[in-house]
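Below is one structure; the comments refer to it alone.
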Amino acid sequence: TEIKNSFNRIKKLMIQITGSGAINFFARNTDNLLVGKIYGGGKLGIYNRAYSLIYLSINLISGVFNQVLLPGLEKQNISKISQEYYFSTNLIAFLIFPLMLLFNLIPENITLLIWGKDWTDVIPLLPYIGILIFSQCQINIVGNIFVLCKKEKYILWVTLINTIIAVTGIIIGLLSSFVGVIKFYTLFNIIFSMPLTVYVVYHLIL
């Protein structure tokens, strides 16, 4: 019976994580597909160049936290997990806030420093990229909390809702302008995705 229960839990966990990964893949590539189709390859290259900073930040910051957080809290109670999660999100915010501030105050200098004068079209996107880095690095560690608290069923639903929110913002942005894509995506992420994720984690999981 114990083996059967463990197998069923692993099976459900794999289904939830695989489904969440598939939805995430769709969400990560929808904006690229639509930007390339509507605004062409040149604008897509600019968009991807700016957006690559988000993946870099997630790998450097959230990736480290994910590797440390899960093994360290695997056998802890809910109270301890809640404390560590709260500490982790605050620490990530502390580390990322100066970067977000710089992206908003001196985007031109940062663009010239990183990519040079040939990529000045990236400048209008950087303030929004800074905000997305701030939010995405914190949201990215949520999956481990679901697993630690044995509430994997929420992973798929949260990912699906956040994807719908993101795609809605992207589509609305596409109707306005090239910069509008990242602008509305950022707006929907801050207004809807982050509050939803925080609510689910603190009120339903922890």
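Chain labels run A, B, ... following the order of the structure tokens; each chain numbers its residues from 1, and ligands are numbered from 1 in the order shown.
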
### Message
I need the residues in region 52-122 of chain A that are alpha helix (DSSP H) according to DSSP; give them as a ChimeraX atom specification.
### Response
/A:52-57,63-73,78-105,107-114

### Spatial neighbours of Asn144 (chain A), max dist 12 Å, only C-alpha atoms, sep filter under 3 positions, as a ChimeraX atom specification
/A:13,17,62-63,65-74,81-82,84-85,138-141,147-152,154-155,201,205

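With CA of Ser177 (chain A) on one side and CA of Phe97 (chain A) on the other, the separation reads 27.5 Å.
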
### Message
So that I can check the surroundings of Leu160 (chain A), please list as an MDAnalysis selection string every protein, DNA and RNA residue that reaches within 12 Å of it, counting only C-alpha atoms and ignoring chain neighbours fewer than 3 positions away.
### Response
chainID A and resid 16:17 19:27 153:157 163:167 193 196:197

### Task
Fewer than 2 positions away in the same chain doesn't count, so skip those; otherwise give me all residues within 10 Å of region 35-40 of chain A, counting only C-alpha atoms, as a PyMOL selection string.
chain A and resi 29-33+42-45+47-48+170-171+174-175+177-178+181

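Contact shell of Ile92 (chain A) at 8 Å (only C-alpha atoms; same-chain neighbours under 3 positions omitted): Ile61, Ser62, Ser88, Thr89, Leu95, Ile96, Cys137 and Gln138 of chain A.
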
For the selection you just gave me, I'd like the residues written to a file as an mmCIF file, in the first residue's frame, keeping N, CA, C and O atoms.
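Writing the result to out.cif gives the following:
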data_model
loop_
_atom_site.group_PDB
_atom_site.id
_atom_site.type_symbol
_atom_site.label_atom_id
_atom_site.label_comp_id
_atom_site.auth_asym_id
_atom_site.auth_seq_id
_atom_site.Cartn_x
_atom_site.Cartn_y
_atom_site.Cartn_z
ATOM 1 N N ILE A 61 20.037 33.798 -10.284
ATOM 2 C CA ILE A 61 19.505 34.056 -8.944
ATOM 3 C C ILE A 61 18.501 32.991 -8.515
ATOM 4 O O ILE A 61 18.733 32.246 -7.568
ATOM 5 N N SER A 62 17.384 32.906 -9.242
ATOM 6 C CA SER A 62 16.365 31.924 -8.859
ATOM 7 C C SER A 62 16.889 30.503 -8.981
ATOM 8 O O SER A 62 16.521 29.624 -8.195
ATOM 9 N N SER A 88 13.596 34.190 1.504
ATOM 10 C CA SER A 88 14.166 34.060 0.164
ATOM 11 C C SER A 88 13.629 35.119 -0.786
ATOM 12 O O SER A 88 14.388 35.744 -1.534
ATOM 13 N N THR A 89 12.310 35.335 -0.765
ATOM 14 C CA THR A 89 11.725 36.332 -1.657
ATOM 15 C C THR A 89 12.206 37.736 -1.303
ATOM 16 O O THR A 89 12.439 38.565 -2.188
ATOM 17 N N LEU A 95 18.330 41.934 -3.708
ATOM 18 C CA LEU A 95 19.408 41.803 -4.687
ATOM 19 C C LEU A 95 19.035 42.401 -6.043
ATOM 20 O O LEU A 95 19.872 42.972 -6.738
ATOM 21 N N ILE A 96 17.759 42.260 -6.413
ATOM 22 C CA ILE A 96 17.323 42.666 -7.744
ATOM 23 C C ILE A 96 16.938 44.137 -7.827
ATOM 24 O O ILE A 96 17.077 44.761 -8.882
ATOM 25 N N CYS A 137 11.994 36.620 -11.030
ATOM 26 C CA CYS A 137 12.968 35.912 -10.183
ATOM 27 C C CYS A 137 12.326 35.436 -8.889
ATOM 28 O O CYS A 137 12.728 34.408 -8.326
ATOM 29 N N GLN A 138 11.331 36.160 -8.406
ATOM 30 C CA GLN A 138 10.640 35.741 -7.184
ATOM 31 C C GLN A 138 9.581 34.673 -7.474
ATOM 32 O O GLN A 138 9.448 33.709 -6.720
#

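In terms of minimum interatomic distance to Thr111 (chain A), A:Leu125 ranks closest within A:Leu132, A:Val198, A:Leu125, A:Ile58, counting only C-alpha atoms.
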
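Taking CA of Leu105 (chain A) and CA of Ile129 (chain A) as the two end points, the separation is 12.6 Å.
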